[in-house]
file target-v1.cif (mmCIF, N, CA and C atoms)
data_model
loop_
_atom_site.label_atom_id
_atom_site.label_comp_id
_atom_site.auth_asym_id
_atom_site.auth_seq_id
_atom_site.Cartn_x
_atom_site.Cartn_y
_atom_site.Cartn_z
N MET A 21 19.09 -7.90 -18.07
CA MET A 21 18.40 -6.65 -18.23
C MET A 21 19.18 -5.79 -19.23
N ALA A 22 18.47 -5.17 -20.10
CA ALA A 22 19.09 -4.33 -21.13
C ALA A 22 19.63 -3.05 -20.50
N GLU A 23 20.61 -2.49 -21.14
CA GLU A 23 21.20 -1.22 -20.69
C GLU A 23 20.20 -0.10 -20.98
N VAL A 24 19.95 0.74 -19.97
CA VAL A 24 18.99 1.83 -20.13
C VAL A 24 19.69 3.16 -19.88
N SER A 25 19.13 4.21 -20.45
CA SER A 25 19.74 5.53 -20.32
C SER A 25 19.54 6.09 -18.92
N ALA A 26 20.31 7.10 -18.61
CA ALA A 26 20.22 7.74 -17.30
C ALA A 26 18.85 8.39 -17.10
N GLU A 27 18.30 8.97 -18.16
CA GLU A 27 16.98 9.59 -18.06
C GLU A 27 15.90 8.54 -17.78
N THR A 28 16.01 7.38 -18.42
CA THR A 28 15.05 6.31 -18.18
C THR A 28 15.16 5.82 -16.74
N ARG A 29 16.38 5.68 -16.22
CA ARG A 29 16.57 5.27 -14.83
C ARG A 29 15.97 6.28 -13.87
N ARG A 30 16.16 7.57 -14.15
CA ARG A 30 15.59 8.62 -13.28
C ARG A 30 14.07 8.58 -13.31
N SER A 31 13.50 8.42 -14.49
CA SER A 31 12.05 8.34 -14.61
C SER A 31 11.51 7.11 -13.89
N HIS A 32 12.19 5.99 -14.06
CA HIS A 32 11.78 4.76 -13.39
C HIS A 32 11.83 4.94 -11.88
N TRP A 33 12.92 5.51 -11.36
CA TRP A 33 13.05 5.71 -9.93
C TRP A 33 12.01 6.69 -9.41
N ARG A 34 11.71 7.72 -10.16
CA ARG A 34 10.71 8.71 -9.74
C ARG A 34 9.34 8.04 -9.58
N LYS A 35 8.95 7.24 -10.55
CA LYS A 35 7.66 6.55 -10.48
C LYS A 35 7.65 5.49 -9.38
N THR A 36 8.74 4.76 -9.23
CA THR A 36 8.83 3.73 -8.20
C THR A 36 8.77 4.35 -6.81
N SER A 37 9.49 5.43 -6.60
CA SER A 37 9.48 6.05 -5.27
C SER A 37 8.13 6.68 -4.97
N THR A 38 7.47 7.27 -5.96
CA THR A 38 6.13 7.82 -5.75
C THR A 38 5.16 6.72 -5.37
N LEU A 39 5.20 5.60 -6.07
CA LEU A 39 4.34 4.47 -5.74
C LEU A 39 4.61 3.99 -4.32
N THR A 40 5.86 3.90 -3.94
CA THR A 40 6.22 3.44 -2.60
C THR A 40 5.70 4.40 -1.53
N TYR A 41 5.84 5.69 -1.76
CA TYR A 41 5.35 6.68 -0.78
C TYR A 41 3.83 6.62 -0.64
N VAL A 42 3.12 6.42 -1.73
CA VAL A 42 1.66 6.31 -1.67
C VAL A 42 1.26 5.06 -0.89
N VAL A 43 1.91 3.94 -1.16
CA VAL A 43 1.61 2.70 -0.44
C VAL A 43 1.92 2.85 1.05
N LEU A 44 3.04 3.50 1.37
CA LEU A 44 3.38 3.71 2.78
C LEU A 44 2.37 4.63 3.47
N ALA A 45 1.87 5.63 2.76
CA ALA A 45 0.86 6.53 3.34
C ALA A 45 -0.43 5.77 3.63
N ILE A 46 -0.85 4.92 2.71
CA ILE A 46 -2.05 4.12 2.92
C ILE A 46 -1.83 3.15 4.08
N TRP A 47 -0.66 2.53 4.13
CA TRP A 47 -0.34 1.63 5.24
C TRP A 47 -0.39 2.38 6.57
N PHE A 48 0.19 3.56 6.63
CA PHE A 48 0.17 4.36 7.85
C PHE A 48 -1.26 4.70 8.25
N LEU A 49 -2.07 5.06 7.28
CA LEU A 49 -3.46 5.41 7.55
C LEU A 49 -4.20 4.24 8.21
N PHE A 50 -4.07 3.06 7.63
CA PHE A 50 -4.80 1.90 8.15
C PHE A 50 -4.07 1.21 9.30
N GLY A 51 -2.80 1.50 9.48
CA GLY A 51 -2.05 0.90 10.58
C GLY A 51 -2.07 1.72 11.85
N TYR A 52 -2.20 3.05 11.73
CA TYR A 52 -2.12 3.92 12.90
C TYR A 52 -3.29 4.88 13.06
N VAL A 53 -3.73 5.49 11.99
CA VAL A 53 -4.77 6.52 12.09
C VAL A 53 -6.14 5.89 12.35
N VAL A 54 -6.53 4.91 11.57
CA VAL A 54 -7.83 4.27 11.75
C VAL A 54 -7.94 3.61 13.12
N PRO A 55 -6.93 2.85 13.59
CA PRO A 55 -7.04 2.28 14.94
C PRO A 55 -7.17 3.34 16.04
N TRP A 56 -6.61 4.51 15.81
CA TRP A 56 -6.70 5.59 16.80
C TRP A 56 -8.16 5.94 17.07
N PHE A 57 -9.00 5.87 16.05
CA PHE A 57 -10.41 6.22 16.18
C PHE A 57 -11.33 5.01 16.36
N ALA A 58 -10.77 3.83 16.49
CA ALA A 58 -11.58 2.62 16.61
C ALA A 58 -12.42 2.61 17.88
N LYS A 59 -11.93 3.22 18.93
CA LYS A 59 -12.66 3.25 20.21
C LYS A 59 -14.03 3.90 20.03
N ASP A 60 -14.13 4.89 19.15
CA ASP A 60 -15.40 5.57 18.91
C ASP A 60 -16.43 4.64 18.27
N LEU A 61 -15.96 3.63 17.54
CA LEU A 61 -16.87 2.71 16.86
C LEU A 61 -17.34 1.57 17.76
N ASP A 62 -16.74 1.43 18.93
CA ASP A 62 -17.05 0.30 19.79
C ASP A 62 -18.46 0.36 20.40
N ALA A 63 -19.15 1.46 20.25
CA ALA A 63 -20.52 1.56 20.76
C ALA A 63 -21.44 0.60 20.00
N ALA A 64 -21.14 0.33 18.76
CA ALA A 64 -21.92 -0.61 17.96
C ALA A 64 -21.18 -1.95 17.91
N SER A 65 -21.87 -3.01 17.50
CA SER A 65 -21.20 -4.30 17.38
C SER A 65 -21.57 -4.96 16.06
N PHE A 66 -20.70 -5.90 15.66
CA PHE A 66 -20.92 -6.66 14.42
C PHE A 66 -20.50 -8.09 14.70
N LEU A 67 -21.41 -9.03 14.51
CA LEU A 67 -21.18 -10.45 14.78
C LEU A 67 -20.70 -10.69 16.21
N GLY A 68 -21.19 -9.87 17.13
CA GLY A 68 -20.85 -10.02 18.54
C GLY A 68 -19.56 -9.34 18.95
N PHE A 69 -18.82 -8.77 18.01
CA PHE A 69 -17.58 -8.07 18.33
C PHE A 69 -17.82 -6.57 18.29
N PRO A 70 -17.11 -5.81 19.11
CA PRO A 70 -17.22 -4.36 18.99
C PRO A 70 -16.82 -3.94 17.56
N LEU A 71 -17.55 -3.00 16.99
CA LEU A 71 -17.34 -2.63 15.59
C LEU A 71 -15.92 -2.13 15.33
N GLY A 72 -15.37 -1.34 16.24
CA GLY A 72 -14.00 -0.85 16.07
C GLY A 72 -12.99 -1.98 16.01
N TYR A 73 -13.14 -2.94 16.89
CA TYR A 73 -12.25 -4.11 16.90
C TYR A 73 -12.37 -4.89 15.58
N TYR A 74 -13.61 -5.11 15.15
CA TYR A 74 -13.84 -5.87 13.93
C TYR A 74 -13.21 -5.17 12.72
N PHE A 75 -13.40 -3.86 12.61
CA PHE A 75 -12.82 -3.12 11.49
C PHE A 75 -11.30 -3.22 11.50
N ILE A 76 -10.70 -3.08 12.67
CA ILE A 76 -9.24 -3.11 12.74
C ILE A 76 -8.70 -4.50 12.43
N VAL A 77 -9.28 -5.51 13.05
CA VAL A 77 -8.76 -6.87 12.87
C VAL A 77 -8.97 -7.36 11.45
N GLN A 78 -10.19 -7.24 10.94
CA GLN A 78 -10.49 -7.77 9.62
C GLN A 78 -10.14 -6.78 8.50
N GLY A 79 -10.55 -5.55 8.66
CA GLY A 79 -10.35 -4.56 7.62
C GLY A 79 -8.89 -4.27 7.33
N SER A 80 -8.09 -4.12 8.38
CA SER A 80 -6.67 -3.82 8.18
C SER A 80 -5.96 -4.95 7.46
N LEU A 81 -6.26 -6.18 7.82
CA LEU A 81 -5.62 -7.31 7.14
C LEU A 81 -5.97 -7.35 5.66
N ILE A 82 -7.22 -7.10 5.35
CA ILE A 82 -7.65 -7.08 3.95
C ILE A 82 -6.93 -5.97 3.19
N ILE A 83 -6.88 -4.79 3.79
CA ILE A 83 -6.21 -3.65 3.15
C ILE A 83 -4.73 -3.95 2.94
N PHE A 84 -4.06 -4.53 3.93
CA PHE A 84 -2.63 -4.81 3.81
C PHE A 84 -2.34 -5.82 2.70
N VAL A 85 -3.16 -6.85 2.60
CA VAL A 85 -2.96 -7.84 1.53
C VAL A 85 -3.22 -7.20 0.17
N LEU A 86 -4.28 -6.39 0.07
CA LEU A 86 -4.56 -5.69 -1.19
C LEU A 86 -3.43 -4.73 -1.55
N LEU A 87 -2.84 -4.07 -0.56
CA LEU A 87 -1.71 -3.17 -0.83
C LEU A 87 -0.55 -3.93 -1.46
N ILE A 88 -0.26 -5.11 -0.95
CA ILE A 88 0.84 -5.91 -1.50
C ILE A 88 0.55 -6.27 -2.96
N VAL A 89 -0.65 -6.74 -3.24
CA VAL A 89 -1.01 -7.16 -4.59
C VAL A 89 -0.98 -5.98 -5.55
N VAL A 90 -1.61 -4.87 -5.17
CA VAL A 90 -1.67 -3.70 -6.04
C VAL A 90 -0.28 -3.11 -6.26
N HIS A 91 0.53 -3.06 -5.21
CA HIS A 91 1.89 -2.53 -5.35
C HIS A 91 2.68 -3.37 -6.35
N ASN A 92 2.59 -4.69 -6.25
CA ASN A 92 3.33 -5.55 -7.18
C ASN A 92 2.85 -5.39 -8.62
N LEU A 93 1.53 -5.31 -8.81
CA LEU A 93 1.00 -5.14 -10.17
C LEU A 93 1.44 -3.81 -10.77
N LEU A 94 1.34 -2.73 -9.98
CA LEU A 94 1.73 -1.42 -10.50
C LEU A 94 3.24 -1.33 -10.73
N GLN A 95 4.03 -1.95 -9.86
CA GLN A 95 5.48 -1.93 -10.05
C GLN A 95 5.86 -2.70 -11.31
N ASP A 96 5.18 -3.80 -11.58
CA ASP A 96 5.44 -4.55 -12.82
C ASP A 96 5.15 -3.68 -14.04
N LYS A 97 4.06 -2.91 -14.00
CA LYS A 97 3.74 -2.02 -15.12
C LYS A 97 4.82 -0.96 -15.29
N ILE A 98 5.29 -0.39 -14.19
CA ILE A 98 6.34 0.63 -14.26
C ILE A 98 7.61 0.02 -14.85
N ASP A 99 7.97 -1.18 -14.40
CA ASP A 99 9.16 -1.85 -14.93
C ASP A 99 9.04 -2.12 -16.42
N GLU A 100 7.89 -2.60 -16.85
CA GLU A 100 7.70 -2.87 -18.29
C GLU A 100 7.74 -1.59 -19.10
N GLU A 101 7.15 -0.53 -18.58
CA GLU A 101 7.11 0.76 -19.28
C GLU A 101 8.53 1.30 -19.53
N HIS A 102 9.44 1.02 -18.60
CA HIS A 102 10.79 1.55 -18.72
C HIS A 102 11.80 0.53 -19.24
N GLY A 103 11.31 -0.65 -19.61
CA GLY A 103 12.18 -1.64 -20.22
C GLY A 103 13.14 -2.32 -19.24
N VAL A 104 12.76 -2.39 -17.97
CA VAL A 104 13.63 -3.05 -16.99
C VAL A 104 12.93 -4.23 -16.32
N ALA A 105 11.87 -4.72 -16.94
CA ALA A 105 11.13 -5.85 -16.37
C ALA A 105 11.96 -7.12 -16.48
N GLU A 106 11.76 -8.01 -15.50
CA GLU A 106 12.42 -9.30 -15.56
C GLU A 106 11.72 -10.16 -16.59
N GLU A 107 12.48 -10.98 -17.23
CA GLU A 107 11.92 -11.81 -18.29
C GLU A 107 11.52 -13.16 -17.80
#
call {"tool": "encode", "arguments": {"input": "target-v1.cif", "output": "structure tokens"}}
result
Amino acid sequence: MAEVSAETRRSHWRKTSTLTYVVLAIWFLFGYVVPWFAKDLDAASFLGFPLGYYFIVQGSLIIFVLLIVVHNLLQDKIDEEHGVAEE
């Protein structure tokens, strides 16, 4: 990795930490907040499962996998922008 200035490192860290906080907020939303209200959705059903259960089991997994992919893609862009990407 090439030597980078202190300002570039600060900018890189600022963008990386912001991205991490946004991903953690989305994770918290789908990991804790949405399941909290899943009981209200159980009045309806989908494919024989209560709707709240289905959303939590299937929806959360999809969101978590997408979070991993999007986080990695955005972090790669941040790294390239600041000249610290792996070669």
call {"tool": "closest_residue", "arguments": {"input": "target-v1.cif", "among": "A:Ala63, A:Ala45, A:Ile98, A:Val104", "to": "Phe84 of chain A", "atoms": "only C-alpha atoms"}}
result
A:Ala45
call {"tool": "resolve_selection", "arguments": {"input": "target-v1.cif", "expression": "the PyMOL selection byres (((chain A and resi 83 and name CA) around 12) and name CA)", "output": "list in words"}}
result
Val43, Ile46, Trp47, Phe48, Leu49, Phe50, Gly51, Val54, Phe75, Ile76, Val77, Gln78, Gly79, Ser80, Leu81, Ile82, Phe84, Val85, Leu86, Leu87, Ile88, Val89, Val90 and His91 of chain A
call {"tool": "atom_distance", "arguments": {"input": "target-v1.cif", "atom1": "atom CA of Ala105 of chain A", "atom2": "atom CA of Ser37 of chain A"}}
result
16.4 Å
call {"tool": "atom_distance", "arguments": {"input": "target-v1.cif", "atom1": "atom CA of His32 of chain A", "atom2": "atom CA of His102 of chain A"}}
result
6.3 Å
call {"tool": "atom_distance", "arguments": {"input": "target-v1.cif", "atom1": "atom N of Asn92 of chain A", "atom2": "atom CA of Gly72 of chain A"}}
result
28.1 Å
call {"tool": "select_by_dssp", "arguments": {"input": "target-v1.cif", "residues": "chain A", "states": "strand (DSSP E or B)", "output": "list in words"}}
result
Ser65, Phe66, Phe69 and Pro70 of chain A
call {"tool": "build_atoms", "arguments": {"input": "target-v1.cif", "residues": "segment 80-91 of chain A", "atoms": "all heavy atoms", "output": "PDB file, in the coordinates of the input"}}
result
ATOM      1  N   SER A  80      -8.090  -4.120   8.380  1.00  0.00           N
ATOM      2  CA  SER A  80      -6.670  -3.820   8.180  1.00  0.00           C
ATOM      3  C   SER A  80      -5.960  -4.950   7.460  1.00  0.00           C
ATOM      4  O   SER A  80      -5.148  -4.705   6.566  1.00  0.00           O
ATOM      5  CB  SER A  80      -5.985  -3.546   9.519  1.00  0.00           C
ATOM      6  OG  SER A  80      -6.473  -2.360  10.079  1.00  0.00           O
ATOM      7  N   LEU A  81      -6.260  -6.180   7.820  1.00  0.00           N
ATOM      8  CA  LEU A  81      -5.620  -7.310   7.140  1.00  0.00           C
ATOM      9  C   LEU A  81      -5.970  -7.350   5.660  1.00  0.00           C
ATOM     10  O   LEU A  81      -5.109  -7.592   4.809  1.00  0.00           O
ATOM     11  CB  LEU A  81      -6.019  -8.626   7.806  1.00  0.00           C
ATOM     12  CG  LEU A  81      -5.427  -8.874   9.180  1.00  0.00           C
ATOM     13  CD1 LEU A  81      -5.997 -10.147   9.779  1.00  0.00           C
ATOM     14  CD2 LEU A  81      -3.928  -8.935   9.105  1.00  0.00           C
ATOM     15  N   ILE A  82      -7.220  -7.100   5.350  1.00  0.00           N
ATOM     16  CA  ILE A  82      -7.650  -7.080   3.950  1.00  0.00           C
ATOM     17  C   ILE A  82      -6.930  -5.970   3.190  1.00  0.00           C
ATOM     18  O   ILE A  82      -6.410  -6.186   2.089  1.00  0.00           O
ATOM     19  CB  ILE A  82      -9.179  -6.933   3.851  1.00  0.00           C
ATOM     20  CG1 ILE A  82      -9.862  -8.188   4.378  1.00  0.00           C
ATOM     21  CG2 ILE A  82      -9.617  -6.633   2.423  1.00  0.00           C
ATOM     22  CD1 ILE A  82     -11.349  -8.052   4.598  1.00  0.00           C
ATOM     23  N   ILE A  83      -6.880  -4.790   3.790  1.00  0.00           N
ATOM     24  CA  ILE A  83      -6.210  -3.650   3.150  1.00  0.00           C
ATOM     25  C   ILE A  83      -4.730  -3.950   2.940  1.00  0.00           C
ATOM     26  O   ILE A  83      -4.168  -3.672   1.872  1.00  0.00           O
ATOM     27  CB  ILE A  83      -6.392  -2.365   3.978  1.00  0.00           C
ATOM     28  CG1 ILE A  83      -7.850  -1.949   4.008  1.00  0.00           C
ATOM     29  CG2 ILE A  83      -5.502  -1.244   3.462  1.00  0.00           C
ATOM     30  CD1 ILE A  83      -8.436  -1.594   2.656  1.00  0.00           C
ATOM     31  N   PHE A  84      -4.060  -4.530   3.930  1.00  0.00           N
ATOM     32  CA  PHE A  84      -2.630  -4.810   3.810  1.00  0.00           C
ATOM     33  C   PHE A  84      -2.340  -5.820   2.700  1.00  0.00           C
ATOM     34  O   PHE A  84      -1.382  -5.661   1.941  1.00  0.00           O
ATOM     35  CB  PHE A  84      -2.053  -5.288   5.143  1.00  0.00           C
ATOM     36  CG  PHE A  84      -2.102  -4.253   6.234  1.00  0.00           C
ATOM     37  CD1 PHE A  84      -2.178  -4.627   7.555  1.00  0.00           C
ATOM     38  CD2 PHE A  84      -2.068  -2.897   5.944  1.00  0.00           C
ATOM     39  CE1 PHE A  84      -2.219  -3.681   8.559  1.00  0.00           C
ATOM     40  CE2 PHE A  84      -2.116  -1.943   6.941  1.00  0.00           C
ATOM     41  CZ  PHE A  84      -2.191  -2.340   8.256  1.00  0.00           C
ATOM     42  N   VAL A  85      -3.160  -6.850   2.600  1.00  0.00           N
ATOM     43  CA  VAL A  85      -2.960  -7.840   1.530  1.00  0.00           C
ATOM     44  C   VAL A  85      -3.220  -7.200   0.170  1.00  0.00           C
ATOM     45  O   VAL A  85      -2.467  -7.411  -0.788  1.00  0.00           O
ATOM     46  CB  VAL A  85      -3.865  -9.077   1.752  1.00  0.00           C
ATOM     47  CG1 VAL A  85      -3.872  -9.978   0.529  1.00  0.00           C
ATOM     48  CG2 VAL A  85      -3.413  -9.844   2.980  1.00  0.00           C
ATOM     49  N   LEU A  86      -4.280  -6.390   0.070  1.00  0.00           N
ATOM     50  CA  LEU A  86      -4.560  -5.690  -1.190  1.00  0.00           C
ATOM     51  C   LEU A  86      -3.430  -4.730  -1.550  1.00  0.00           C
ATOM     52  O   LEU A  86      -3.088  -4.588  -2.731  1.00  0.00           O
ATOM     53  CB  LEU A  86      -5.880  -4.943  -1.101  1.00  0.00           C
ATOM     54  CG  LEU A  86      -7.129  -5.810  -1.131  1.00  0.00           C
ATOM     55  CD1 LEU A  86      -8.383  -4.958  -0.903  1.00  0.00           C
ATOM     56  CD2 LEU A  86      -7.233  -6.571  -2.432  1.00  0.00           C
ATOM     57  N   LEU A  87      -2.840  -4.070  -0.560  1.00  0.00           N
ATOM     58  CA  LEU A  87      -1.710  -3.170  -0.830  1.00  0.00           C
ATOM     59  C   LEU A  87      -0.550  -3.930  -1.460  1.00  0.00           C
ATOM     60  O   LEU A  87       0.089  -3.434  -2.398  1.00  0.00           O
ATOM     61  CB  LEU A  87      -1.233  -2.504   0.459  1.00  0.00           C
ATOM     62  CG  LEU A  87      -1.916  -1.229   0.875  1.00  0.00           C
ATOM     63  CD1 LEU A  87      -1.391  -0.761   2.224  1.00  0.00           C
ATOM     64  CD2 LEU A  87      -1.747  -0.149  -0.156  1.00  0.00           C
ATOM     65  N   ILE A  88      -0.260  -5.110  -0.950  1.00  0.00           N
ATOM     66  CA  ILE A  88       0.840  -5.910  -1.500  1.00  0.00           C
ATOM     67  C   ILE A  88       0.550  -6.270  -2.960  1.00  0.00           C
ATOM     68  O   ILE A  88       1.411  -6.106  -3.837  1.00  0.00           O
ATOM     69  CB  ILE A  88       1.051  -7.179  -0.666  1.00  0.00           C
ATOM     70  CG1 ILE A  88       1.579  -6.809   0.714  1.00  0.00           C
ATOM     71  CG2 ILE A  88       2.000  -8.147  -1.370  1.00  0.00           C
ATOM     72  CD1 ILE A  88       1.557  -7.950   1.711  1.00  0.00           C
ATOM     73  N   VAL A  89      -0.650  -6.740  -3.240  1.00  0.00           N
ATOM     74  CA  VAL A  89      -1.010  -7.160  -4.590  1.00  0.00           C
ATOM     75  C   VAL A  89      -0.980  -5.980  -5.550  1.00  0.00           C
ATOM     76  O   VAL A  89      -0.375  -6.051  -6.632  1.00  0.00           O
ATOM     77  CB  VAL A  89      -2.393  -7.843  -4.596  1.00  0.00           C
ATOM     78  CG1 VAL A  89      -2.886  -8.083  -6.007  1.00  0.00           C
ATOM     79  CG2 VAL A  89      -2.351  -9.139  -3.808  1.00  0.00           C
ATOM     80  N   VAL A  90      -1.610  -4.870  -5.170  1.00  0.00           N
ATOM     81  CA  VAL A  90      -1.670  -3.700  -6.040  1.00  0.00           C
ATOM     82  C   VAL A  90      -0.280  -3.110  -6.260  1.00  0.00           C
ATOM     83  O   VAL A  90       0.084  -2.742  -7.383  1.00  0.00           O
ATOM     84  CB  VAL A  90      -2.640  -2.644  -5.457  1.00  0.00           C
ATOM     85  CG1 VAL A  90      -2.527  -1.327  -6.189  1.00  0.00           C
ATOM     86  CG2 VAL A  90      -4.063  -3.167  -5.507  1.00  0.00           C
ATOM     87  N   HIS A  91       0.530  -3.060  -5.210  1.00  0.00           N
ATOM     88  CA  HIS A  91       1.890  -2.530  -5.350  1.00  0.00           C
ATOM     89  C   HIS A  91       2.680  -3.370  -6.350  1.00  0.00           C
ATOM     90  O   HIS A  91       3.372  -2.821  -7.228  1.00  0.00           O
ATOM     91  CB  HIS A  91       2.606  -2.510  -4.000  1.00  0.00           C
ATOM     92  CG  HIS A  91       3.991  -1.964  -4.071  1.00  0.00           C
ATOM     93  ND1 HIS A  91       5.078  -2.761  -4.311  1.00  0.00           N
ATOM     94  CD2 HIS A  91       4.455  -0.697  -3.980  1.00  0.00           C
ATOM     95  CE1 HIS A  91       6.166  -2.010  -4.340  1.00  0.00           C
ATOM     96  NE2 HIS A  91       5.808  -0.742  -4.143  1.00  0.00           N
TER      97      HIS A  91
END
